[in-house]
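Structure record follows, encoded as structure tokens.
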Amino acid sequence: MSPTQTSTTAQQTTSPARDAPLPRPDATLPEDTDLVVRVRGLRKTYPLGGGRQRVAVHGLDLDVGRGEVLALLGPNGAGKSTVTEVLEGYRHRDVGDVAVLGTDPWRAPLTWRARVGIVLQDTSEPLDLTVAELLRHWATLYPRARPPAEVAELVGLGDRLPIRIAALSGGQRRRLDVALAVIGRPELLFLDEPTTGFDPEARRQFWGVLEDLRDAGTTILLTTHYLDEAARLADRVAVVADGRLLACAPPAELGGPLRDVAVVRWRAPDGSEQHERTVSPSAVLRRLLAEHPPAEAGPGRGEVPGLLVERASLEDVYLALVGHATADAAVTERARAAGVVA
Amino acid sequence: MSTLTIAASRTRVETLQFLRQRDSLVFSLLFPVILMVIFGSVFDEDIAPGISFSQYFVAGVAAAGVLLTSFQTMAIDIAIERDNGTLKRLRGTPMPPVAFFLGKIGQVLLTTALQLVILLTVATLLFGVTLPATAELWGRFTWIVVLGAAAGTVLGIAFSSVPPNARSASAIVTPPMIVLQFVSGVYFVISELPSWMVDVASFFPLKWMAQGMRSVFLADTGWLQVEPSGSWQTTETALVLLVWLVAGLLLARLTFRWLPRRHG
């Protein structure tokens with residue numbers, strides 16, 4: 001179904017789904033889980049000047065268990081990268097308890113860095129070195145590094161070792177980023193929007209590399225704004241927008257009641273396109289069928305013209321979740337501008 | 001791996017990158033050699049009895065070259081590496097920060113040595129420059145190079161925080177260097193510069209490094225009578241360079257950031 005509604009019945013049809021109660025989002029894990037990441041009440045604001053500030057993360061609770069792949073999914077500016085950078089030790093937080101591998105990342109020693117692998121949003125490899133030269137150098141930085149040839153093989157660059165990095169494709173350079181991040185055998189791997197700008201083929205190859213790492217037991221925290229990526233790789237998907245957690249569940253369960261929403265489409269006698277969003281599509285169908293009895297004569301002979309019943313896809317769920325959040329944020333923003341709320 | 005092993009590995013990759021980039025190779029490593037060839041070919045008369053322009057010029061251009069491979073290279077490279085996330089990525093590894101700086105220092109020493117060897121070879125073979133004859137002069141040459149390169153390196157690391165982004169790095173770093181070369185008696189014979197200009201230049205290391213180099217390449221030529229101060233001022237040169245070295249260390253320590261400024 002399309003997120004833009006052109007139908008004349010739009011007003012009557014939005015309410016059932018929008019009003020469906022969402023489960024309270026919870027990204028924590030049971031107390032006895034072996035946790036690699038534990039976040040409680042994380043809050044981070046950025047100064048905007050003039051004494052005002054933008055809240056990037058509003059009191060987030062989040063756990064990542066050992067061996068788990070957690071995807072932070074959300075639109076640009078949702079706060080995903082801020083969360084990741086706090087966990088990586090690049091940013092300080094305003095408030096909250098953060099433990100990564102049992103250590104506060106902001107005060108972590110170099111030995112902690114040896115246990116963590118980071119793939120940043122931007123690639124910035126030295127273009128004038130060969131793949132082998134860079135991997136050999138990177139191996140000297142870690143106490144128990146994988147052999148460069150082995151790690152090149154792992155990311156599918158086994159035949160690129162003597163090549164200058166400048167000659168690699170974008171997808172190959174991204175896989176080299178992963179090679180650098182995992183050469184020290186990290187227990188936890190961060191990936192910040194790793195496949196932005198990839199063509200579908202390169203994305204599929206990249207996913208294969210991550211699946212191998214996941215299957216080998218590496219804990220992975222992935223941020224992405226691609227839903228298919230989160231669905232394919234993650235054990236749990238945490239949807240964030242406007243600095244808040246909106247939902248957290250295995251990909252197949254994401255959205256809860258939102259998944260029950262269906263859209264029924266048909267054409268009215270005057271030829272206009274109609275649609276109705278509902279949690280009880282059968283009832284809508286019964287009504288439509290009653291309006292088009294089989295005995296009735298005419299060109300359709302009892303058919304409902306253009307009849308279509310669609311179930312909410314994962315993407316619809318995601319857009320509905322994020323749509324809620326951005327609409328709420330816009331209302332708050334307008335209220336703030338009007339001086340209604342502080 | 002030990003800090004020194006990592007530092008050696010950093011020196012290796014930093015030097016390889018430097019030598020493989022056309023920008024740094026031409027505008028930093030080979031620039032003094034190019035200037036030597038141009039100026040040596042254009043000005044072939046003697047500037048004083050028995051002293052060729054080339055014999056004068058090689059001293060100044062060697063001093064300028066040391067600042068190009070140290071100050072200019074560090075300021076531009078680190079500004080770019082900070083902006084494009086290279087430093088951020090390194091910060092995410094267990095590399096001890098001191099190994100990073102030792103790696104940069106290793107790169108500066110290697111490339112400066114290579115530059116001076118090429119420069120002096122070209123100057124002697126093509127322009128009849130005579131090299132210092134005594135161990136004492138070579139010893140002075142060496143400390144001027146090492147002290148100048150050390151001061152240039154830490155000042156370059158500090159200055160790398162000035163350019164707001166990678167694109168503006170060379171545009172912001174290079175012009176002051178060229179002006180400094182003009183007022184410090186590299187391109188013009190220093191005795192012909194107005195005294196206020198020499199006074200201004202005396203605040204900066206290059207004037208002193210060039211003077212020190214003249215004391216090496218123009219020893220026993222009678223040039224000393226023309227030298228504005230009438231003395232080689234070797235002690236003053238060492239002191240000025242030491243002050244800049246300490247100031248540079250403090251500034252670099254205060255200003256160095258692994259992350260770009262836009263990182264809130």
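We name chains A, B, ... following the order of the structure tokens; residues begin at 1 in each chain, and ligands are numbered from 1 as shown.
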For chain A versus chain B, which residues have an atom no more than 8 Å away, and what is each residue's nearest atom pair and distance in Å rounded to one decimal, using only C-alpha atoms, chain-then-number order, as a Markdown table?
```
| residue | atom | partner | partner_atom | distance |
| --- | --- | --- | --- | --- |
| A:Tyr46 | CA | B:Gly264 | CA | 6.8 |
| A:Glu88 | CA | B:Gly92 | CA | 7.7 |
| A:Leu110 | CA | B:Pro94 | CA | 4.7 |
| A:Thr111 | CA | B:Pro94 | CA | 6.4 |
| A:Trp112 | CA | B:Pro94 | CA | 7.7 |
| A:Arg113 | CA | B:Pro94 | CA | 5.1 |
| A:Ala114 | CA | B:Pro94 | CA | 5.3 |
| A:Gly117 | CA | B:Gly92 | CA | 7.7 |
| A:Ile118 | CA | B:Gly92 | CA | 6.7 |
| A:Leu120 | CA | B:Arg89 | CA | 7.3 |
| A:Asp122 | CA | B:Gly85 | CA | 7.1 |
| A:Thr123 | CA | B:Gly85 | CA | 7.7 |
| A:Ser124 | CA | B:Thr86 | CA | 5.7 |
| A:Glu125 | CA | B:Thr86 | CA | 7.0 |
| A:Pro126 | CA | B:Gln17 | CA | 7.4 |
| A:Asp128 | CA | B:Gln17 | CA | 5.6 |
| A:Leu129 | CA | B:Gln17 | CA | 6.5 |
| A:Glu133 | CA | B:Val13 | CA | 7.6 |
| A:Leu134 | CA | B:Val13 | CA | 7.7 |
| A:His137 | CA | B:Ser9 | CA | 6.0 |
| A:Thr140 | CA | B:Ile6 | CA | 6.0 |
| A:Leu141 | CA | B:Met95 | CA | 5.4 |
| A:Tyr142 | CA | B:Pro94 | CA | 6.4 |
| A:Pro143 | CA | B:Met1 | CA | 5.9 |
```
Keeping only N, CA and C atoms, take the residues you just selected and write them out as a JSON list (two decimals), in the first residue's frame.
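Result file follows (out-v5.json):
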```json
[["chain", "number", "residue", "atom", "x", "y", "z"],
["A", 46, "TYR", "N", 22.55, 18.24, 22.13],
["A", 46, "TYR", "CA", 23.56, 19.07, 21.46],
["A", 46, "TYR", "C", 23.14, 20.52, 21.57],
["A", 88, "GLU", "N", 30.71, 3.53, 21.35],
["A", 88, "GLU", "CA", 32.07, 3.33, 20.84],
["A", 88, "GLU", "C", 33.11, 4.11, 21.63],
["A", 110, "LEU", "N", 42.99, 1.24, 26.53],
["A", 110, "LEU", "CA", 43.29, 0.73, 25.20],
["A", 110, "LEU", "C", 43.01, -0.77, 25.08],
["A", 111, "THR", "N", 43.14, -1.50, 26.21],
["A", 111, "THR", "CA", 42.88, -2.94, 26.16],
["A", 111, "THR", "C", 41.40, -3.21, 25.80],
["A", 112, "TRP", "N", 40.52, -2.29, 26.19],
["A", 112, "TRP", "CA", 39.10, -2.42, 25.83],
["A", 112, "TRP", "C", 38.92, -2.24, 24.33],
["A", 113, "ARG", "N", 39.68, -1.30, 23.76],
["A", 113, "ARG", "CA", 39.57, -1.03, 22.31],
["A", 113, "ARG", "C", 39.98, -2.26, 21.49],
["A", 114, "ALA", "N", 40.86, -3.09, 22.06],
["A", 114, "ALA", "CA", 41.29, -4.29, 21.35],
["A", 114, "ALA", "C", 40.15, -5.31, 21.26],
["A", 117, "GLY", "N", 35.40, -3.80, 17.61],
["A", 117, "GLY", "CA", 35.69, -3.45, 16.22],
["A", 117, "GLY", "C", 34.70, -2.40, 15.75],
["A", 118, "ILE", "N", 35.18, -1.40, 15.01],
["A", 118, "ILE", "CA", 34.31, -0.29, 14.62],
["A", 118, "ILE", "C", 34.37, -0.07, 13.11],
["A", 120, "LEU", "N", 33.10, 2.75, 10.78],
["A", 120, "LEU", "CA", 32.51, 4.09, 10.84],
["A", 120, "LEU", "C", 31.63, 4.35, 9.62],
["A", 122, "ASP", "N", 31.85, 6.85, 7.47],
["A", 122, "ASP", "CA", 32.64, 7.23, 6.29],
["A", 122, "ASP", "C", 33.82, 6.30, 6.15],
["A", 123, "THR", "N", 34.14, 5.95, 4.90],
["A", 123, "THR", "CA", 35.37, 5.20, 4.68],
["A", 123, "THR", "C", 36.49, 6.21, 4.49],
["A", 124, "SER", "N", 37.64, 5.94, 5.03],
["A", 124, "SER", "CA", 38.75, 6.90, 4.92],
["A", 124, "SER", "C", 40.07, 6.15, 4.89],
["A", 125, "GLU", "N", 40.11, 5.06, 4.10],
["A", 125, "GLU", "CA", 41.37, 4.33, 4.06],
["A", 125, "GLU", "C", 42.42, 5.14, 3.31],
["A", 126, "PRO", "N", 43.70, 4.89, 3.63],
["A", 126, "PRO", "CA", 44.77, 5.52, 2.86],
["A", 126, "PRO", "C", 44.81, 4.93, 1.45],
["A", 128, "ASP", "N", 46.69, 5.30, -1.07],
["A", 128, "ASP", "CA", 47.94, 5.01, -1.76],
["A", 128, "ASP", "C", 48.62, 3.74, -1.26],
["A", 129, "LEU", "N", 48.02, 3.08, -0.28],
["A", 129, "LEU", "CA", 48.58, 1.80, 0.18],
["A", 129, "LEU", "C", 47.86, 0.66, -0.54],
["A", 133, "GLU", "N", 49.35, -4.07, 2.46],
["A", 133, "GLU", "CA", 50.14, -3.17, 3.32],
["A", 133, "GLU", "C", 49.30, -2.65, 4.48],
["A", 134, "LEU", "N", 48.05, -2.25, 4.17],
["A", 134, "LEU", "CA", 47.21, -1.70, 5.24],
["A", 134, "LEU", "C", 46.84, -2.78, 6.26],
["A", 137, "HIS", "N", 49.77, -3.59, 8.46],
["A", 137, "HIS", "CA", 49.96, -2.54, 9.45],
["A", 137, "HIS", "C", 48.91, -2.65, 10.57],
["A", 140, "THR", "N", 49.48, -5.04, 13.36],
["A", 140, "THR", "CA", 50.44, -4.71, 14.42],
["A", 140, "THR", "C", 49.77, -3.95, 15.57],
["A", 141, "LEU", "N", 48.58, -3.39, 15.32],
["A", 141, "LEU", "CA", 47.92, -2.58, 16.35],
["A", 141, "LEU", "C", 47.24, -3.44, 17.41],
["A", 142, "TYR", "N", 46.99, -4.73, 17.09],
["A", 142, "TYR", "CA", 46.18, -5.58, 17.99],
["A", 142, "TYR", "C", 47.02, -6.68, 18.62],
["A", 143, "PRO", "N", 46.69, -7.05, 19.85],
["A", 143, "PRO", "CA", 47.48, -8.07, 20.55],
["A", 143, "PRO", "C", 47.37, -9.47, 19.94]]
```
Give me, as a PyMOL selection string, all polymer residues having an atom no more than 12 Å from segment 219-227 of chain B, counting only C-alpha atoms and skipping those fewer than 4 positions away in the same chain. chain B and resi 46-53+55-56+59+130-134+136-138+140-141+185+189-193+195+198+210-215+231-233
Picked from segment 140-301 of chain A by DSSP as alpha helix (DSSP H), as a ChimeraX atom specification: /A:140,148-154,170-182,200-215,227-233,281-291
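Across the structure, atom CA of Pro294 of chain A and atom CA of Asp260 of chain A are spaced 29.2 Å apart.
Note that atom CA of Ala135 of chain B and atom CA of Ser229 of chain B are 25.2 Å apart.
Distance check against Ala151 of chain B using only C-alpha atoms: of B:Leu120, B:Leu126, B:Leu218, B:Met74, the minimum falls on B:Met74.
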Which polymer residues have any atom within 12 Å of an atom of segment 163-165 of chain B, counting only C-alpha atoms, with same-chain residues fewer than 5 positions away left out, as a ChimeraX atom specification? /B:75-85,156-158,170-174,259-262
File of the preceding selection, N, CA and C atoms, as a PDB file, in the first residue's frame:
```
ATOM      1  N   ALA B  75      51.069  19.905   9.091  1.00  0.00           N
ATOM      2  CA  ALA B  75      49.878  20.750   9.221  1.00  0.00           C
ATOM      3  C   ALA B  75      48.813  20.327   8.206  1.00  0.00           C
ATOM      4  N   ILE B  76      49.228  20.087   6.954  1.00  0.00           N
ATOM      5  CA  ILE B  76      48.252  19.739   5.914  1.00  0.00           C
ATOM      6  C   ILE B  76      47.748  18.309   6.109  1.00  0.00           C
ATOM      7  N   ASP B  77      48.672  17.366   6.302  1.00  0.00           N
ATOM      8  CA  ASP B  77      48.272  15.950   6.403  1.00  0.00           C
ATOM      9  C   ASP B  77      47.322  15.719   7.576  1.00  0.00           C
ATOM     10  N   ILE B  78      47.662  16.267   8.730  1.00  0.00           N
ATOM     11  CA  ILE B  78      46.847  15.980   9.915  1.00  0.00           C
ATOM     12  C   ILE B  78      45.493  16.683   9.806  1.00  0.00           C
ATOM     13  N   ALA B  79      45.473  17.890   9.198  1.00  0.00           N
ATOM     14  CA  ALA B  79      44.175  18.557   8.990  1.00  0.00           C
ATOM     15  C   ALA B  79      43.278  17.678   8.119  1.00  0.00           C
ATOM     16  N   ILE B  80      43.866  17.099   7.066  1.00  0.00           N
ATOM     17  CA  ILE B  80      43.081  16.233   6.170  1.00  0.00           C
ATOM     18  C   ILE B  80      42.674  14.956   6.899  1.00  0.00           C
ATOM     19  N   GLU B  81      43.606  14.366   7.631  1.00  0.00           N
ATOM     20  CA  GLU B  81      43.313  13.096   8.310  1.00  0.00           C
ATOM     21  C   GLU B  81      42.269  13.266   9.417  1.00  0.00           C
ATOM     22  N   ARG B  82      42.257  14.461  10.015  1.00  0.00           N
ATOM     23  CA  ARG B  82      41.245  14.706  11.043  1.00  0.00           C
ATOM     24  C   ARG B  82      39.876  14.862  10.366  1.00  0.00           C
ATOM     25  N   ASP B  83      39.863  15.581   9.246  1.00  0.00           N
ATOM     26  CA  ASP B  83      38.594  15.871   8.575  1.00  0.00           C
ATOM     27  C   ASP B  83      37.990  14.615   7.939  1.00  0.00           C
ATOM     28  N   ASN B  84      38.824  13.751   7.368  1.00  0.00           N
ATOM     29  CA  ASN B  84      38.255  12.611   6.642  1.00  0.00           C
ATOM     30  C   ASN B  84      38.057  11.368   7.523  1.00  0.00           C
ATOM     31  N   GLY B  85      38.342  11.479   8.807  1.00  0.00           N
ATOM     32  CA  GLY B  85      38.036  10.370   9.705  1.00  0.00           C
ATOM     33  C   GLY B  85      39.176   9.384   9.912  1.00  0.00           C
ATOM     34  N   GLY B 156      53.633  22.014  13.337  1.00  0.00           N
ATOM     35  CA  GLY B 156      52.712  21.574  12.289  1.00  0.00           C
ATOM     36  C   GLY B 156      51.521  20.833  12.866  1.00  0.00           C
ATOM     37  N   ILE B 157      51.781  19.982  13.872  1.00  0.00           N
ATOM     38  CA  ILE B 157      50.687  19.258  14.527  1.00  0.00           C
ATOM     39  C   ILE B 157      49.731  20.264  15.170  1.00  0.00           C
ATOM     40  N   ALA B 158      50.296  21.298  15.817  1.00  0.00           N
ATOM     41  CA  ALA B 158      49.441  22.320  16.437  1.00  0.00           C
ATOM     42  C   ALA B 158      48.673  23.101  15.363  1.00  0.00           C
ATOM     43  N   SER B 170      45.655  23.053   2.436  1.00  0.00           N
ATOM     44  CA  SER B 170      46.868  23.574   1.803  1.00  0.00           C
ATOM     45  C   SER B 170      46.771  25.052   1.511  1.00  0.00           C
ATOM     46  N   ALA B 171      45.556  25.554   1.230  1.00  0.00           N
ATOM     47  CA  ALA B 171      45.408  26.982   0.957  1.00  0.00           C
ATOM     48  C   ALA B 171      45.725  27.825   2.183  1.00  0.00           C
ATOM     49  N   ILE B 172      45.516  27.270   3.371  1.00  0.00           N
ATOM     50  CA  ILE B 172      45.765  28.038   4.592  1.00  0.00           C
ATOM     51  C   ILE B 172      47.209  27.867   5.075  1.00  0.00           C
ATOM     52  N   VAL B 173      47.781  26.697   4.820  1.00  0.00           N
ATOM     53  CA  VAL B 173      49.120  26.425   5.353  1.00  0.00           C
ATOM     54  C   VAL B 173      50.216  26.979   4.435  1.00  0.00           C
ATOM     55  N   THR B 174      50.034  26.854   3.119  1.00  0.00           N
ATOM     56  CA  THR B 174      51.129  27.142   2.194  1.00  0.00           C
ATOM     57  C   THR B 174      51.512  28.629   2.093  1.00  0.00           C
ATOM     58  N   LEU B 259      39.039  13.970  16.661  1.00  0.00           N
ATOM     59  CA  LEU B 259      37.796  14.097  15.905  1.00  0.00           C
ATOM     60  C   LEU B 259      37.691  15.483  15.288  1.00  0.00           C
ATOM     61  N   PRO B 260      36.995  15.597  14.142  1.00  0.00           N
ATOM     62  CA  PRO B 260      36.854  16.908  13.515  1.00  0.00           C
ATOM     63  C   PRO B 260      36.037  17.868  14.388  1.00  0.00           C
ATOM     64  N   ARG B 261      36.200  19.156  14.105  1.00  0.00           N
ATOM     65  CA  ARG B 261      35.542  20.188  14.894  1.00  0.00           C
ATOM     66  C   ARG B 261      34.017  20.061  14.809  1.00  0.00           C
ATOM     67  N   ARG B 262      33.491  19.624  13.639  1.00  0.00           N
ATOM     68  CA  ARG B 262      32.036  19.542  13.480  1.00  0.00           C
ATOM     69  C   ARG B 262      31.428  18.492  14.401  1.00  0.00           C
TER      70      ARG B 262
END
```
Taking the DSSP assignment computed from this structure's backbone, write out as a PyMOL selection string all residues of segment 33-111 of chain B that belong to strand (DSSP E). chain B and resi 46-48+51-52
Export of the given selection (N, CA and C atoms) as a PDB file, in the first residue's frame:
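See again_4.pdb below for the written result:
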```pdb
ATOM      1  N   ASP B  46      78.394  35.760  -9.207  1.00  0.00           N
ATOM      2  CA  ASP B  46      78.783  35.711  -7.797  1.00  0.00           C
ATOM      3  C   ASP B  46      78.100  36.843  -7.033  1.00  0.00           C
ATOM      4  N   ILE B  47      77.664  36.592  -5.802  1.00  0.00           N
ATOM      5  CA  ILE B  47      77.041  37.640  -4.995  1.00  0.00           C
ATOM      6  C   ILE B  47      78.081  38.340  -4.131  1.00  0.00           C
ATOM      7  N   ALA B  48      79.233  37.762  -3.989  1.00  0.00           N
ATOM      8  CA  ALA B  48      80.363  38.386  -3.290  1.00  0.00           C
ATOM      9  C   ALA B  48      81.599  37.721  -3.883  1.00  0.00           C
ATOM     10  N   ILE B  51      81.930  33.882  -3.971  1.00  0.00           N
ATOM     11  CA  ILE B  51      80.752  33.186  -3.454  1.00  0.00           C
ATOM     12  C   ILE B  51      79.660  33.192  -4.533  1.00  0.00           C
ATOM     13  N   SER B  52      79.338  32.033  -5.075  1.00  0.00           N
ATOM     14  CA  SER B  52      78.295  31.965  -6.104  1.00  0.00           C
ATOM     15  C   SER B  52      76.927  32.074  -5.447  1.00  0.00           C
TER      16      SER B  52
END
```
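Using only C-alpha atoms, the shortest contact distance between Pro257 of chain A and any of A:Arg311, A:Arg287, A:His92, A:Arg43 is found at A:Arg311.
Among B:Thr255, B:Met209, B:Pro32, B:Gln181, the residue with the shortest atom-to-atom distance to Thr235 of chain B, counting only C-alpha atoms, is B:Met209.
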To one decimal in Å, tell me the separation between atom CA of Leu29 of chain B and atom CA of Leu110 of chain B. 10.7 Å
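Around Leu155 of chain B, within 9 Å and counting only C-alpha atoms, the residues found are Ser70, Phe71, Met74, Ala75, Ala150, Ala151, Gly152, Thr153, Ile157, Ala158, Phe159, Ser160, Trp244, Leu245, Ala247, Gly248, Leu249, Leu251 and Ala252 of chain B, once anything fewer than 2 positions away on its own chain is removed.
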Writing out the chosen residues with C-alpha atoms as a PDB file, in the first residue's frame:
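Output file part.pdb follows:
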```
ATOM      1  CA  SER B  70      58.057  18.888   8.775  1.00  0.00           C
ATOM      2  CA  PHE B  71      55.753  21.873   9.401  1.00  0.00           C
ATOM      3  CA  MET B  74      52.273  17.779   9.243  1.00  0.00           C
ATOM      4  CA  ALA B  75      49.878  20.750   9.221  1.00  0.00           C
ATOM      5  CA  ALA B 150      61.414  18.641  15.566  1.00  0.00           C
ATOM      6  CA  ALA B 151      60.128  22.187  16.088  1.00  0.00           C
ATOM      7  CA  GLY B 152      58.490  22.119  12.630  1.00  0.00           C
ATOM      8  CA  THR B 153      56.767  18.801  13.388  1.00  0.00           C
ATOM      9  CA  ILE B 157      50.687  19.258  14.527  1.00  0.00           C
ATOM     10  CA  ALA B 158      49.441  22.320  16.437  1.00  0.00           C
ATOM     11  CA  PHE B 159      48.745  24.328  13.252  1.00  0.00           C
ATOM     12  CA  SER B 160      46.709  21.428  11.798  1.00  0.00           C
ATOM     13  CA  TRP B 244      59.758  27.096  19.361  1.00  0.00           C
ATOM     14  CA  LEU B 245      60.065  23.368  20.034  1.00  0.00           C
ATOM     15  CA  ALA B 247      56.042  26.160  22.568  1.00  0.00           C
ATOM     16  CA  GLY B 248      55.024  23.788  19.763  1.00  0.00           C
ATOM     17  CA  LEU B 249      54.891  20.820  22.127  1.00  0.00           C
ATOM     18  CA  LEU B 251      50.397  24.044  21.729  1.00  0.00           C
ATOM     19  CA  ALA B 252      50.127  20.623  20.097  1.00  0.00           C
TER      20      ALA B 252
END
```
